[in-house]
$ cat input-v5.cif   # mmCIF, C-alpha atoms
data_input
#
loop_
_atom_site.label_atom_id
_atom_site.label_comp_id
_atom_site.auth_asym_id
_atom_site.auth_seq_id
_atom_site.Cartn_x
_atom_site.Cartn_y
_atom_site.Cartn_z
CA MET N 1 248.62 -118.96 -69.54
CA THR N 2 245.04 -118.43 -70.55
CA GLU N 3 244.04 -118.89 -74.16
CA HIS N 4 242.44 -115.75 -75.44
CA GLU N 5 241.49 -115.91 -79.04
CA GLY N 6 241.14 -112.52 -80.58
CA HIS N 7 243.89 -111.16 -78.35
CA GLY N 8 246.89 -112.99 -79.74
CA GLY N 9 249.43 -110.44 -80.88
CA HIS N 10 247.05 -107.68 -79.76
CA GLU N 11 249.05 -105.09 -77.85
CA GLY N 12 246.05 -103.14 -76.49
CA HIS N 13 244.42 -104.44 -73.32
CA GLY N 14 241.89 -103.00 -70.93
CA TYR N 15 244.68 -101.52 -68.83
CA SER N 16 246.76 -100.05 -71.66
CA GLY N 17 245.56 -96.48 -71.13
CA ASP N 18 246.67 -96.52 -67.50
CA LYS N 19 249.72 -98.70 -67.92
CA ALA N 20 252.18 -96.21 -66.39
CA ARG N 21 249.99 -95.84 -63.32
CA TYR N 22 249.67 -99.61 -62.92
CA LEU N 23 253.44 -100.00 -63.26
CA ALA N 24 254.01 -97.38 -60.56
CA ARG N 25 251.55 -99.09 -58.20
CA LEU N 26 253.16 -102.49 -58.86
CA LYS N 27 256.63 -101.05 -58.29
CA ARG N 28 255.46 -99.80 -54.90
CA ILE N 29 254.01 -103.23 -54.09
CA GLU N 30 257.33 -104.85 -55.03
CA GLY N 31 259.07 -102.52 -52.56
CA GLN N 32 256.50 -103.36 -49.87
CA ALA N 33 257.05 -107.10 -50.46
CA ARG N 34 260.80 -106.54 -50.10
CA GLY N 35 259.99 -104.68 -46.88
CA ILE N 36 258.21 -107.72 -45.39
CA HIS N 37 261.27 -109.88 -46.11
CA ARG N 38 263.49 -107.28 -44.44
CA MET N 39 261.22 -107.11 -41.37
CA VAL N 40 261.47 -110.87 -40.82
CA GLU N 41 265.21 -110.78 -41.46
CA GLU N 42 265.53 -108.08 -38.77
CA ASP N 43 263.37 -110.09 -36.34
CA GLN N 44 260.70 -107.45 -36.15
CA TYR N 45 257.61 -108.07 -34.08
CA CYS N 46 255.10 -110.57 -35.53
CA ILE N 47 252.17 -108.16 -35.34
CA ASP N 48 254.09 -105.48 -37.25
CA VAL N 49 254.94 -108.01 -39.98
CA LEU N 50 251.26 -108.98 -40.16
CA THR N 51 250.25 -105.33 -40.49
CA GLN N 52 252.63 -104.95 -43.42
CA ILE N 53 251.29 -108.14 -45.06
CA SER N 54 247.74 -106.78 -44.73
CA ALA N 55 248.87 -103.55 -46.41
CA VAL N 56 250.42 -105.40 -49.36
CA THR N 57 247.38 -107.67 -49.71
CA SER N 58 245.12 -104.60 -49.79
CA ALA N 59 247.30 -102.90 -52.37
CA LEU N 60 247.28 -106.02 -54.58
CA ARG N 61 243.53 -106.34 -54.25
CA GLY N 62 243.16 -102.68 -55.27
CA VAL N 63 245.22 -103.27 -58.42
CA ALA N 64 243.26 -106.45 -59.19
CA LEU N 65 239.90 -104.68 -58.87
CA ALA N 66 241.07 -101.83 -61.09
CA LEU N 67 242.38 -104.28 -63.71
CA LEU N 68 239.11 -106.16 -63.55
CA ASP N 69 237.11 -102.96 -64.05
CA ASP N 70 239.22 -102.04 -67.06
CA HIS N 71 238.89 -105.55 -68.43
CA LEU N 72 235.10 -105.59 -68.07
CA GLU N 73 234.75 -102.11 -69.55
CA HIS N 74 236.91 -102.87 -72.57
CA CYS N 75 237.53 -106.50 -73.49
CA VAL N 76 234.31 -107.95 -72.08
CA ALA N 77 232.04 -105.09 -73.17
CA ASP N 78 233.48 -105.19 -76.70
CA ALA N 79 233.00 -108.95 -76.92
CA ALA N 80 229.46 -108.64 -75.55
CA ALA N 81 228.62 -105.99 -78.15
CA ALA N 82 229.93 -108.27 -80.90
CA GLY N 83 227.95 -111.18 -79.42
CA GLY N 84 228.26 -114.87 -80.22
CA ALA N 85 230.50 -117.52 -78.68
CA GLU N 86 233.32 -115.06 -78.03
CA ALA N 87 231.05 -112.94 -75.80
CA ASP N 88 230.07 -116.02 -73.84
CA ALA N 89 233.68 -117.14 -73.47
CA LYS N 90 234.82 -113.71 -72.24
CA LEU N 91 232.10 -113.58 -69.61
CA LYS N 92 232.89 -117.09 -68.35
CA GLU N 93 236.60 -116.23 -68.24
CA ALA N 94 235.94 -113.04 -66.27
CA SER N 95 233.68 -114.88 -63.80
CA ALA N 96 236.38 -117.48 -63.17
CA ALA N 97 238.97 -114.73 -62.54
CA ILE N 98 236.61 -113.01 -60.09
CA ALA N 99 236.06 -116.31 -58.26
CA ARG N 100 239.83 -116.85 -57.95
CA LEU N 101 240.22 -113.33 -56.62
CA VAL N 102 237.50 -113.73 -54.01
CA ARG N 103 238.95 -117.07 -52.87
CA SER N 104 242.54 -115.86 -52.73
CA MET J 1 255.24 -99.56 -35.34
CA THR J 2 253.33 -101.33 -32.61
CA GLU J 3 254.40 -100.92 -29.03
CA HIS J 4 255.08 -104.25 -27.49
CA GLU J 5 256.33 -104.04 -23.98
CA GLY J 6 258.12 -107.13 -22.89
CA HIS J 7 259.42 -107.62 -26.41
CA GLY J 8 261.73 -104.62 -26.72
CA GLY J 9 265.25 -105.83 -27.38
CA HIS J 10 263.95 -109.41 -27.37
CA GLU J 11 265.30 -111.16 -30.46
CA GLY J 12 263.08 -114.24 -30.22
CA HIS J 13 259.62 -114.03 -31.79
CA GLY J 14 256.95 -116.61 -32.52
CA TYR J 15 258.44 -117.13 -35.98
CA SER J 16 262.11 -117.35 -34.95
CA GLY J 17 262.30 -121.14 -35.17
CA ASP J 18 261.09 -121.12 -38.77
CA LYS J 19 262.76 -117.90 -39.84
CA ALA J 20 264.71 -119.43 -42.75
CA ARG J 21 261.54 -120.96 -44.14
CA TYR J 22 259.64 -117.67 -43.83
CA LEU J 23 262.48 -115.83 -45.56
CA ALA J 24 262.43 -118.34 -48.43
CA ARG J 25 258.65 -117.98 -48.83
CA LEU J 26 258.90 -114.19 -48.76
CA LYS J 27 261.73 -114.25 -51.30
CA ARG J 28 259.49 -116.25 -53.62
CA ILE J 29 256.63 -113.76 -53.07
CA GLU J 30 259.00 -110.88 -53.94
CA GLY J 31 259.83 -112.67 -57.20
CA GLN J 32 256.13 -113.20 -57.92
CA ALA J 33 255.43 -109.49 -57.29
CA ARG J 34 258.22 -108.61 -59.71
CA GLY J 35 256.58 -111.01 -62.15
CA ILE J 36 253.26 -109.09 -62.03
CA HIS J 37 255.11 -105.87 -62.87
CA ARG J 38 256.84 -107.59 -65.77
CA MET J 39 253.54 -108.99 -67.09
CA VAL J 40 251.97 -105.51 -67.24
CA GLU J 41 255.15 -104.09 -68.77
CA GLU J 42 254.94 -106.76 -71.49
CA ASP J 43 251.23 -106.05 -72.07
CA GLN J 44 250.15 -109.51 -71.09
CA TYR J 45 246.48 -110.38 -71.02
CA CYS J 46 244.44 -108.86 -68.14
CA ILE J 47 243.10 -112.22 -66.97
CA ASP J 48 246.60 -113.71 -66.77
CA VAL J 49 247.75 -110.73 -64.69
CA LEU J 50 244.74 -111.23 -62.39
CA THR J 51 245.57 -114.93 -62.00
CA GLN J 52 249.09 -114.01 -60.94
CA ILE J 53 247.78 -111.40 -58.46
CA SER J 54 245.49 -114.06 -56.95
CA ALA J 55 248.49 -116.38 -56.57
CA VAL J 56 250.54 -113.72 -54.76
CA THR J 57 247.62 -112.78 -52.52
CA SER J 58 247.15 -116.45 -51.59
CA ALA J 59 250.85 -116.86 -50.86
CA LEU J 60 250.85 -113.74 -48.65
CA ARG J 61 247.77 -114.92 -46.81
CA GLY J 62 249.46 -118.29 -46.22
CA VAL J 63 252.48 -116.57 -44.66
CA ALA J 64 250.23 -114.32 -42.57
CA LEU J 65 248.23 -117.25 -41.20
CA ALA J 66 251.41 -119.16 -40.35
CA LEU J 67 252.87 -116.09 -38.62
CA LEU J 68 249.64 -115.63 -36.71
CA ASP J 69 249.65 -119.29 -35.58
CA ASP J 70 253.21 -118.97 -34.36
CA HIS J 71 252.38 -115.70 -32.64
CA LEU J 72 249.34 -117.16 -30.86
CA GLU J 73 251.23 -120.32 -29.85
CA HIS J 74 254.19 -118.43 -28.45
CA CYS J 75 253.78 -114.74 -27.61
CA VAL J 76 250.06 -114.82 -26.81
CA ALA J 77 250.05 -118.17 -25.01
CA ASP J 78 253.04 -117.11 -22.87
CA ALA J 79 251.36 -113.83 -21.97
CA ALA J 80 248.09 -115.62 -21.20
CA ALA J 81 249.91 -118.07 -18.92
CA ALA J 82 251.51 -115.14 -17.08
CA GLY J 83 248.10 -113.43 -16.85
CA GLY J 84 247.38 -109.84 -15.94
CA ALA J 85 247.18 -106.75 -18.10
CA GLU J 86 249.88 -107.98 -20.50
CA ALA J 87 247.77 -111.07 -21.35
CA ASP J 88 244.80 -108.86 -22.06
CA ALA J 89 246.84 -106.50 -24.21
CA LYS J 90 248.33 -109.34 -26.27
CA LEU J 91 244.91 -110.82 -26.97
CA LYS J 92 243.48 -107.45 -28.02
CA GLU J 93 246.50 -106.83 -30.26
CA ALA J 94 246.15 -110.24 -31.92
CA SER J 95 242.42 -109.72 -32.49
CA ALA J 96 243.07 -106.38 -34.18
CA ALA J 97 245.71 -107.97 -36.44
CA ILE J 98 243.27 -110.75 -37.39
CA ALA J 99 240.60 -108.16 -38.20
CA ARG J 100 243.01 -106.25 -40.46
CA LEU J 101 243.93 -109.48 -42.22
CA VAL J 102 240.33 -110.47 -42.83
CA ARG J 103 239.49 -106.99 -44.16
CA SER J 104 242.56 -106.75 -46.41
#
$ encode --input "input-v5.cif" --output "structure tokens"
Amino acid sequence: MTEHEGHGGHEGHGYSGDKARYLARLKRIEGQARGIHRMVEEDQYCIDVLTQISAVTSALRGVALALLDDHLEHCVADAAAAGGAEADAKLKEASAAIARLVRS
Amino acid sequence: MTEHEGHGGHEGHGYSGDKARYLARLKRIEGQARGIHRMVEEDQYCIDVLTQISAVTSALRGVALALLDDHLEHCVADAAAAGGAEADAKLKEASAAIARLVRS
């Protein structure tokens, strides 16, 4: 897990305001992932399985981009306003997460 | 669902030989998706949630690429060997699936 000084024991994150909506989206993604497993189990056609995988990947990417937006707007913007080493660390951390997302 | 003449009622697909392995990978992905939901529920740090989303996206992409390989090696290659309209249709179908995957 990432070290994030200034957030230890902090229950509010960038996504806290929309938590219920994120949970609902993630619940749906869980169901879709279960659906892919079921499709392979039932020997469904390769192309149909691929279509479902593309749908889940898109849904995950949508959640990731929304989380990233919230994170930049809250955690990173707050740190940047405060300035100093913490601001720098938050920006570097966010850049690395974006790079992982683009590569994934 | 996609129409796939010549595959209706056919229980063997490109991935049939490796089905158990695909099912195990998809089971793991299901667990990882459940993990993302749990992380948000427990208010874990945005960047850690993003890292987990990247991991699941990578795992899904790995399964998709393997499925696509199997599909090209079996279904598409067989159709191409037989020639005719079916060969053409299979190639077009595979191209569209690849495009969806790249966009997702």
$ residues_around --input "input-v5.cif" --residues "Leu23 of chain N" --least-positions-apart "5" --cutoff "9 Å" --atoms "all atoms listed in the file" --output "PDB file with C-alpha atoms, in the coordinates of the input"
ATOM      1  CA  ASP N  18     246.670 -96.520 -67.500  1.00  0.00           C
ATOM      2  CA  ARG N  28     255.460 -99.800 -54.900  1.00  0.00           C
TER       3      ARG N  28
ATOM      4  CA  HIS J  37     255.110-105.870 -62.870  1.00  0.00           C
ATOM      5  CA  ARG J  38     256.840-107.590 -65.770  1.00  0.00           C
ATOM      6  CA  VAL J  40     251.970-105.510 -67.240  1.00  0.00           C
ATOM      7  CA  GLU J  41     255.150-104.090 -68.770  1.00  0.00           C
TER       8      GLU J  41
END
$ closest_residue --input "input-v5.cif" --among "N:His71, N:Arg100, N:His13, N:Lys19" --to "Thr57 of chain J" --atoms "only C-alpha atoms"
N:Arg100
$ residues_around --input "input-v5.cif" --residues "Ala99 of chain J" --least-positions-apart "2" --cutoff "12 Å" --atoms "all atoms listed in the file" --output "NGL selection string"
(:N and (47 or 50-51 or 54)) or (:J and (68 or 92-97 or 101-104))
$ resolve_selection --input "input-v5.cif" --expression "the PyMOL selection byres ((chain N and resi 63) around 9)" --output "number ranges by chain"
N: 22, 25-26, 58-62, 64-68; J: 50, 53
$ write_last_selection --input "input-v5.cif" --atoms "C-alpha atoms" --output "PDB file, keeping the file's coordinate frame"
ATOM      1  CA  TYR N  22     249.670 -99.610 -62.920  1.00  0.00           C
ATOM      2  CA  ARG N  25     251.550 -99.090 -58.200  1.00  0.00           C
ATOM      3  CA  LEU N  26     253.160-102.490 -58.860  1.00  0.00           C
ATOM      4  CA  SER N  58     245.120-104.600 -49.790  1.00  0.00           C
ATOM      5  CA  ALA N  59     247.300-102.900 -52.370  1.00  0.00           C
ATOM      6  CA  LEU N  60     247.280-106.020 -54.580  1.00  0.00           C
ATOM      7  CA  ARG N  61     243.530-106.340 -54.250  1.00  0.00           C
ATOM      8  CA  GLY N  62     243.160-102.680 -55.270  1.00  0.00           C
ATOM      9  CA  ALA N  64     243.260-106.450 -59.190  1.00  0.00           C
ATOM     10  CA  LEU N  65     239.900-104.680 -58.870  1.00  0.00           C
ATOM     11  CA  ALA N  66     241.070-101.830 -61.090  1.00  0.00           C
ATOM     12  CA  LEU N  67     242.380-104.280 -63.710  1.00  0.00           C
ATOM     13  CA  LEU N  68     239.110-106.160 -63.550  1.00  0.00           C
TER      14      LEU N  68
ATOM     15  CA  LEU J  50     244.740-111.230 -62.390  1.00  0.00           C
ATOM     16  CA  ILE J  53     247.780-111.400 -58.460  1.00  0.00           C
TER      17      ILE J  53
END
$ atom_distance --input "input-v5.cif" --atom1 "atom CA of Lys90 of chain J" --atom2 "atom CA of Met39 of chain N"
20.0 Å
$ atom_distance --input "input-v5.cif" --atom1 "atom CA of Gln32 of chain N" --atom2 "atom CA of Val56 of chain N"
6.4 Å
$ resolve_selection --input "input-v5.cif" --expression "the PyMOL selection byres ((chain J and resi 87) around 12)" --output "list of chain:residue names"
J:His4, J:Glu5, J:Gly6, J:Leu72, J:Cys75, J:Val76, J:Ala77, J:Asp78, J:Ala79, J:Ala80, J:Ala81, J:Ala82, J:Gly83, J:Gly84, J:Ala85, J:Glu86, J:Asp88, J:Ala89, J:Lys90, J:Leu91, J:Lys92, J:Glu93, J:Ala94
$ write_last_selection --input "input-v5.cif" --atoms "C-alpha atoms" --output "PDB file, in the frame of the given file"
ATOM      1  CA  HIS J   4     255.080-104.250 -27.490  1.00  0.00           C
ATOM      2  CA  GLU J   5     256.330-104.040 -23.980  1.00  0.00           C
ATOM      3  CA  GLY J   6     258.120-107.130 -22.890  1.00  0.00           C
ATOM      4  CA  LEU J  72     249.340-117.160 -30.860  1.00  0.00           C
ATOM      5  CA  CYS J  75     253.780-114.740 -27.610  1.00  0.00           C
ATOM      6  CA  VAL J  76     250.060-114.820 -26.810  1.00  0.00           C
ATOM      7  CA  ALA J  77     250.050-118.170 -25.010  1.00  0.00           C
ATOM      8  CA  ASP J  78     253.040-117.110 -22.870  1.00  0.00           C
ATOM      9  CA  ALA J  79     251.360-113.830 -21.970  1.00  0.00           C
ATOM     10  CA  ALA J  80     248.090-115.620 -21.200  1.00  0.00           C
ATOM     11  CA  ALA J  81     249.910-118.070 -18.920  1.00  0.00           C
ATOM     12  CA  ALA J  82     251.510-115.140 -17.080  1.00  0.00           C
ATOM     13  CA  GLY J  83     248.100-113.430 -16.850  1.00  0.00           C
ATOM     14  CA  GLY J  84     247.380-109.840 -15.940  1.00  0.00           C
ATOM     15  CA  ALA J  85     247.180-106.750 -18.100  1.00  0.00           C
ATOM     16  CA  GLU J  86     249.880-107.980 -20.500  1.00  0.00           C
ATOM     17  CA  ASP J  88     244.800-108.860 -22.060  1.00  0.00           C
ATOM     18  CA  ALA J  89     246.840-106.500 -24.210  1.00  0.00           C
ATOM     19  CA  LYS J  90     248.330-109.340 -26.270  1.00  0.00           C
ATOM     20  CA  LEU J  91     244.910-110.820 -26.970  1.00  0.00           C
ATOM     21  CA  LYS J  92     243.480-107.450 -28.020  1.00  0.00           C
ATOM     22  CA  GLU J  93     246.500-106.830 -30.260  1.00  0.00           C
ATOM     23  CA  ALA J  94     246.150-110.240 -31.920  1.00  0.00           C
TER      24      ALA J  94
END
$ calpha_fit_and_write --input "input-v5.cif" --fixed "chain J" --moving "chain N" --output "PDB file with C-alpha atoms, in the coordinates of the input"
ATOM      1  CA  MET N   1     255.136 -99.590 -35.423  1.00  0.00           C
ATOM      2  CA  THR N   2     253.229-101.322 -32.688  1.00  0.00           C
ATOM      3  CA  GLU N   3     254.293-100.855 -29.097  1.00  0.00           C
ATOM      4  CA  HIS N   4     255.000-104.193 -27.543  1.00  0.00           C
ATOM      5  CA  GLU N   5     256.209-103.983 -24.024  1.00  0.00           C
ATOM      6  CA  GLY N   6     258.084-107.043 -22.970  1.00  0.00           C
ATOM      7  CA  HIS N   7     259.423-107.504 -26.489  1.00  0.00           C
ATOM      8  CA  GLY N   8     261.722-104.518 -26.762  1.00  0.00           C
ATOM      9  CA  GLY N   9     265.209-105.752 -27.522  1.00  0.00           C
ATOM     10  CA  HIS N  10     263.872-109.323 -27.479  1.00  0.00           C
ATOM     11  CA  GLU N  11     265.297-111.160 -30.471  1.00  0.00           C
ATOM     12  CA  GLY N  12     263.059-114.253 -30.187  1.00  0.00           C
ATOM     13  CA  HIS N  13     259.611-114.058 -31.757  1.00  0.00           C
ATOM     14  CA  GLY N  14     256.963-116.625 -32.522  1.00  0.00           C
ATOM     15  CA  TYR N  15     258.449-117.166 -35.969  1.00  0.00           C
ATOM     16  CA  SER N  16     262.110-117.386 -34.948  1.00  0.00           C
ATOM     17  CA  GLY N  17     262.284-121.179 -35.162  1.00  0.00           C
ATOM     18  CA  ASP N  18     261.101-121.148 -38.769  1.00  0.00           C
ATOM     19  CA  LYS N  19     262.771-117.937 -39.830  1.00  0.00           C
ATOM     20  CA  ALA N  20     264.709-119.462 -42.747  1.00  0.00           C
ATOM     21  CA  ARG N  21     261.534-121.000 -44.131  1.00  0.00           C
ATOM     22  CA  TYR N  22     259.642-117.713 -43.828  1.00  0.00           C
ATOM     23  CA  LEU N  23     262.485-115.877 -45.567  1.00  0.00           C
ATOM     24  CA  ALA N  24     262.423-118.381 -48.432  1.00  0.00           C
ATOM     25  CA  ARG N  25     258.646-118.030 -48.827  1.00  0.00           C
ATOM     26  CA  LEU N  26     258.913-114.221 -48.751  1.00  0.00           C
ATOM     27  CA  LYS N  27     261.729-114.285 -51.301  1.00  0.00           C
ATOM     28  CA  ARG N  28     259.472-116.278 -53.615  1.00  0.00           C
ATOM     29  CA  ILE N  29     256.644-113.782 -53.073  1.00  0.00           C
ATOM     30  CA  GLU N  30     259.014-110.919 -53.919  1.00  0.00           C
ATOM     31  CA  GLY N  31     259.838-112.684 -57.200  1.00  0.00           C
ATOM     32  CA  GLN N  32     256.129-113.212 -57.914  1.00  0.00           C
ATOM     33  CA  ALA N  33     255.440-109.503 -57.273  1.00  0.00           C
ATOM     34  CA  ARG N  34     258.245-108.629 -59.696  1.00  0.00           C
ATOM     35  CA  GLY N  35     256.581-111.024 -62.141  1.00  0.00           C
ATOM     36  CA  ILE N  36     253.282-109.092 -62.028  1.00  0.00           C
ATOM     37  CA  HIS N  37     255.133-105.859 -62.848  1.00  0.00           C
ATOM     38  CA  ARG N  38     256.856-107.594 -65.764  1.00  0.00           C
ATOM     39  CA  MET N  39     253.546-108.978 -67.079  1.00  0.00           C
ATOM     40  CA  VAL N  40     251.999-105.501 -67.214  1.00  0.00           C
ATOM     41  CA  GLU N  41     255.168-104.081 -68.747  1.00  0.00           C
ATOM     42  CA  GLU N  42     254.955-106.752 -71.476  1.00  0.00           C
ATOM     43  CA  ASP N  43     251.249-106.021 -72.057  1.00  0.00           C
ATOM     44  CA  GLN N  44     250.162-109.482 -71.070  1.00  0.00           C
ATOM     45  CA  TYR N  45     246.490-110.337 -71.012  1.00  0.00           C
ATOM     46  CA  CYS N  46     244.468-108.831 -68.132  1.00  0.00           C
ATOM     47  CA  ILE N  47     243.100-112.180 -66.975  1.00  0.00           C
ATOM     48  CA  ASP N  48     246.598-113.679 -66.774  1.00  0.00           C
ATOM     49  CA  VAL N  49     247.767-110.713 -64.674  1.00  0.00           C
ATOM     50  CA  LEU N  50     244.759-111.206 -62.389  1.00  0.00           C
ATOM     51  CA  THR N  51     245.577-114.899 -62.005  1.00  0.00           C
ATOM     52  CA  GLN N  52     249.102-113.993 -60.933  1.00  0.00           C
ATOM     53  CA  ILE N  53     247.792-111.385 -58.454  1.00  0.00           C
ATOM     54  CA  SER N  54     245.487-114.025 -56.945  1.00  0.00           C
ATOM     55  CA  ALA N  55     248.479-116.357 -56.568  1.00  0.00           C
ATOM     56  CA  VAL N  56     250.549-113.721 -54.753  1.00  0.00           C
ATOM     57  CA  THR N  57     247.616-112.758 -52.520  1.00  0.00           C
ATOM     58  CA  SER N  58     247.146-116.425 -51.587  1.00  0.00           C
ATOM     59  CA  ALA N  59     250.832-116.847 -50.855  1.00  0.00           C
ATOM     60  CA  LEU N  60     250.844-113.733 -48.637  1.00  0.00           C
ATOM     61  CA  ARG N  61     247.751-114.909 -46.814  1.00  0.00           C
ATOM     62  CA  GLY N  62     249.428-118.285 -46.212  1.00  0.00           C
ATOM     63  CA  VAL N  63     252.467-116.586 -44.664  1.00  0.00           C
ATOM     64  CA  ALA N  64     250.222-114.328 -42.566  1.00  0.00           C
ATOM     65  CA  LEU N  65     248.219-117.270 -41.202  1.00  0.00           C
ATOM     66  CA  ALA N  66     251.393-119.174 -40.354  1.00  0.00           C
ATOM     67  CA  LEU N  67     252.875-116.118 -38.608  1.00  0.00           C
ATOM     68  CA  LEU N  68     249.639-115.661 -36.718  1.00  0.00           C
ATOM     69  CA  ASP N  69     249.643-119.299 -35.596  1.00  0.00           C
ATOM     70  CA  ASP N  70     253.216-118.981 -34.375  1.00  0.00           C
ATOM     71  CA  HIS N  71     252.388-115.727 -32.634  1.00  0.00           C
ATOM     72  CA  LEU N  72     249.355-117.179 -30.848  1.00  0.00           C
ATOM     73  CA  GLU N  73     251.231-120.328 -29.855  1.00  0.00           C
ATOM     74  CA  HIS N  74     254.208-118.450 -28.449  1.00  0.00           C
ATOM     75  CA  CYS N  75     253.794-114.777 -27.587  1.00  0.00           C
ATOM     76  CA  VAL N  76     250.072-114.843 -26.811  1.00  0.00           C
ATOM     77  CA  ALA N  77     250.070-118.202 -25.012  1.00  0.00           C
ATOM     78  CA  ASP N  78     253.042-117.143 -22.869  1.00  0.00           C
ATOM     79  CA  ALA N  79     251.375-113.853 -21.967  1.00  0.00           C
ATOM     80  CA  ALA N  80     248.107-115.650 -21.196  1.00  0.00           C
ATOM     81  CA  ALA N  81     249.918-118.092 -18.906  1.00  0.00           C
ATOM     82  CA  ALA N  82     251.536-115.177 -17.073  1.00  0.00           C
ATOM     83  CA  GLY N  83     248.143-113.440 -16.857  1.00  0.00           C
ATOM     84  CA  GLY N  84     247.409-109.844 -15.917  1.00  0.00           C
ATOM     85  CA  ALA N  85     247.222-106.742 -18.098  1.00  0.00           C
ATOM     86  CA  GLU N  86     249.899-107.998 -20.481  1.00  0.00           C
ATOM     87  CA  ALA N  87     247.792-111.071 -21.339  1.00  0.00           C
ATOM     88  CA  ASP N  88     244.814-108.853 -22.048  1.00  0.00           C
ATOM     89  CA  ALA N  89     246.871-106.493 -24.198  1.00  0.00           C
ATOM     90  CA  LYS N  90     248.348-109.348 -26.258  1.00  0.00           C
ATOM     91  CA  LEU N  91     244.929-110.816 -26.957  1.00  0.00           C
ATOM     92  CA  LYS N  92     243.490-107.446 -28.006  1.00  0.00           C
ATOM     93  CA  GLU N  93     246.517-106.832 -30.237  1.00  0.00           C
ATOM     94  CA  ALA N  94     246.157-110.241 -31.892  1.00  0.00           C
ATOM     95  CA  SER N  95     242.419-109.708 -32.472  1.00  0.00           C
ATOM     96  CA  ALA N  96     243.093-106.369 -34.158  1.00  0.00           C
ATOM     97  CA  ALA N  97     245.720-107.977 -36.435  1.00  0.00           C
ATOM     98  CA  ILE N  98     243.273-110.744 -37.376  1.00  0.00           C
ATOM     99  CA  ALA N  99     240.603-108.144 -38.187  1.00  0.00           C
ATOM    100  CA  ARG N 100     243.033-106.248 -40.446  1.00  0.00           C
ATOM    101  CA  LEU N 101     243.931-109.483 -42.188  1.00  0.00           C
ATOM    102  CA  VAL N 102     240.322-110.463 -42.806  1.00  0.00           C
ATOM    103  CA  ARG N 103     239.504-106.982 -44.139  1.00  0.00           C
ATOM    104  CA  SER N 104     242.558-106.739 -46.371  1.00  0.00           C
TER     105      SER N 104
END
$ atom_distance --input "input-v5.cif" --atom1 "atom CA of Asp43 of chain J" --atom2 "atom CA of Arg34 of chain N"
24.0 Å
$ axis_aligned_box --input "input-v5.cif" --around "segment 50-65 of chain J" --padding-each-side "5 Å" --output "JSON"
{"center_x": 248.6, "center_y": -114.8, "center_z": -51.8, "size_x": 17.7, "size_y": 17.1, "size_z": 31.2}
$ closest_residue --input "input-v5.cif" --among "N:Tyr15, N:Ala20, N:Gly31, N:Asp69" --to "Gln52 of chain N" --atoms "all atoms listed in the file"
N:Gly31
